[in-house]
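Colleague: For reference, the file upload-v7.txt (compact mmCIF, C-alpha atoms) is included below:
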# COMPACT_ATOMS: atom_id res chain seq x y z
CA MET L 1 -146.12 0.20 208.92
CA GLY L 2 -146.90 0.27 205.21
CA SER L 3 -149.75 -2.15 205.69
CA ASN L 4 -151.70 0.60 207.42
CA LEU L 5 -153.66 2.67 204.90
CA ALA L 6 -153.14 5.81 206.99
CA VAL L 7 -149.43 5.63 206.13
CA LEU L 8 -150.19 5.74 202.41
CA ASP L 9 -152.58 8.64 202.94
CA SER L 10 -150.05 10.52 205.06
CA ILE L 11 -147.24 10.05 202.56
CA ALA L 12 -149.43 11.24 199.70
CA LYS L 13 -150.45 14.31 201.70
CA PHE L 14 -146.83 14.94 202.76
CA LEU L 15 -145.52 14.77 199.18
CA ASN L 16 -148.07 17.31 198.01
CA GLY L 17 -147.37 19.64 200.91
CA ILE L 18 -144.36 20.23 203.10
CA GLY L 19 -142.29 17.38 201.66
CA TYR L 20 -142.64 18.55 198.07
CA GLU L 21 -139.28 20.32 197.79
CA LYS L 22 -137.01 17.81 199.51
CA TYR L 23 -138.65 14.40 199.08
CA PHE L 24 -140.61 14.80 195.84
CA ASN L 25 -138.53 12.33 193.80
CA ASP L 26 -138.16 9.80 196.64
CA GLY L 27 -141.92 9.59 197.04
CA VAL L 28 -142.40 7.36 194.00
CA THR L 29 -140.24 4.68 195.58
CA TRP L 30 -142.06 4.96 198.92
CA VAL L 31 -145.54 4.72 197.41
CA ASN L 32 -144.48 1.92 195.06
CA LEU L 33 -143.07 -0.17 197.95
CA ILE L 34 -146.26 0.26 199.96
CA LEU L 35 -148.45 -0.75 197.03
CA GLU L 36 -146.30 -3.73 196.01
CA ASN L 37 -146.15 -5.13 199.54
CA ASN L 38 -149.81 -4.62 200.46
CA LYS L 39 -153.10 -5.34 198.77
CA PHE L 40 -155.68 -2.79 199.81
CA THR L 41 -159.32 -3.34 198.91
CA ASN L 42 -161.38 -0.65 197.21
CA LYS L 43 -163.59 -0.37 200.30
CA GLU L 44 -160.60 0.56 202.47
CA ILE L 45 -159.39 3.42 200.29
CA GLU L 46 -160.68 6.89 201.07
CA GLY L 47 -161.32 9.45 198.36
CA ARG L 48 -158.76 11.89 199.67
CA THR L 49 -155.99 9.28 199.42
CA ILE L 50 -156.79 8.74 195.75
CA ASP L 51 -157.02 12.50 195.16
CA ASN L 52 -153.68 13.14 196.86
CA LEU L 53 -151.97 10.38 194.90
CA GLU L 54 -153.49 11.62 191.63
CA THR L 55 -152.20 15.12 192.30
CA TYR L 56 -148.75 13.85 193.21
CA MET L 57 -148.49 11.59 190.16
CA ASP L 58 -149.63 14.37 187.85
CA LYS L 59 -146.93 16.70 189.20
CA TYR L 60 -144.30 13.96 189.14
CA ILE L 61 -144.98 12.92 185.56
CA ILE L 62 -144.96 16.51 184.31
CA LYS L 63 -141.72 17.32 186.16
CA ASN L 64 -139.87 14.07 185.28
CA TYR L 65 -141.31 13.07 181.91
CA ASP L 66 -137.89 12.63 180.26
CA LEU L 67 -136.52 10.56 183.15
CA ILE L 68 -139.56 8.28 183.10
CA ASN L 69 -139.11 7.55 179.41
CA LYS L 70 -135.36 6.87 179.80
CA ASP L 71 -135.34 4.81 183.01
CA ILE L 72 -137.29 1.54 182.89
CA ASN L 73 -137.23 1.11 186.69
CA THR L 74 -138.83 4.50 187.28
CA LYS L 75 -141.39 3.81 184.58
CA GLY L 76 -142.27 0.49 186.22
CA LYS L 77 -142.84 2.21 189.56
CA ILE L 78 -145.04 4.84 187.92
CA ILE L 79 -147.07 2.17 186.11
CA THR L 80 -147.62 0.27 189.38
CA ILE L 81 -148.94 3.39 191.11
CA LEU L 82 -151.11 4.39 188.16
CA ASP L 83 -152.56 0.86 187.92
CA PHE L 84 -153.50 1.05 191.60
CA LEU L 85 -155.21 4.38 191.03
CA ILE L 86 -157.02 3.11 187.94
CA ASP L 87 -158.24 0.05 189.86
CA ASN L 88 -159.72 2.47 192.39
CA GLY L 89 -161.66 4.42 189.77
CA SER L 90 -159.26 7.21 188.84
CA ASN L 91 -159.97 8.54 185.35
CA PRO L 92 -157.12 11.11 185.37
CA SER L 93 -154.66 8.30 186.13
CA TYR L 94 -155.87 6.36 183.11
CA LEU L 95 -155.12 9.38 180.92
CA LEU L 96 -151.68 9.81 182.50
CA LYS L 97 -150.86 6.16 181.83
CA GLU L 98 -151.96 6.45 178.21
CA ASN L 99 -149.61 9.43 177.75
CA LEU L 100 -146.62 7.40 178.90
In structure tokens, how does this file's structure come out?

Modeller:
Amino acid sequence: MGSNLAVLDSIAKFLNGIGYEKYFNDGVTWVNLILENNKFTNKEIEGRTIDNLETYMDKYIIKNYDLINKDINTKGKIITILDFLIDNGSNPSYLLKENL
């Protein structure tokens, strides 16, 4: 199901909303798996998907900054997601990546 862009959009929306409390930390793995296993073109991506992922990544990095710097696997997942966002024209994601 991860090859469907609507799944990525739904997960991003879910992690910023109702799933924030319980699934916040698991979301990085979910999004990373979707992005590693699928190559979406820039024309397929909707603006709200990018916005939702930007918001989620901003919250995640602020909340887990120490973990990201200690755990290389988590940092790799974060970098993959941020690279995807940067490739799709996200300036805030570029700044987040530079801060890591």

Colleague: Anything within 12 Å of (-142.9, 12.0, 187.4): list those residues as an NGL selection string, counting all atoms listed in the file and sticking to the file's coordinates.

Modeller: :L and (24-29 or 53-71 or 74-79 or 81-82 or 96-97 or 100)

Colleague: Would you mind reading off the distance between atom CA of L:Phe14 and atom CA of L:Ser93, one decimal, in Å?

Modeller: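 Here the two named atoms are 19.5 Å from each other.
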
Colleague: Record the distance separating atom CA of L:Tyr23 and atom CA of L:Ala6, expressed in Å with one decimal.

Modeller: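 Computing it gives 18.6 Å between the two atoms.
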
Colleague: Find, counting only C-alpha atoms, the residue in L:Thr80, L:Phe40, L:Asn91, L:Val31 that gets nearest to L:Ala12.

Modeller: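 Smallest distance to L:Ala12 is found for L:Val31.
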
Colleague: To one decimal in Å, tell me the separation between atom CA of L:Val7 and atom CA of L:Glu21.

Modeller: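 Taking atom CA of L:Val7 as the start and atom CA of L:Glu21 as the end point, the length is 19.7 Å.
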
Colleague: Pick from L:Leu8, L:Leu85, L:Thr49, L:Glu98: nearest to L:Leu33, with only C-alpha atoms counted?

Modeller: L:Leu8
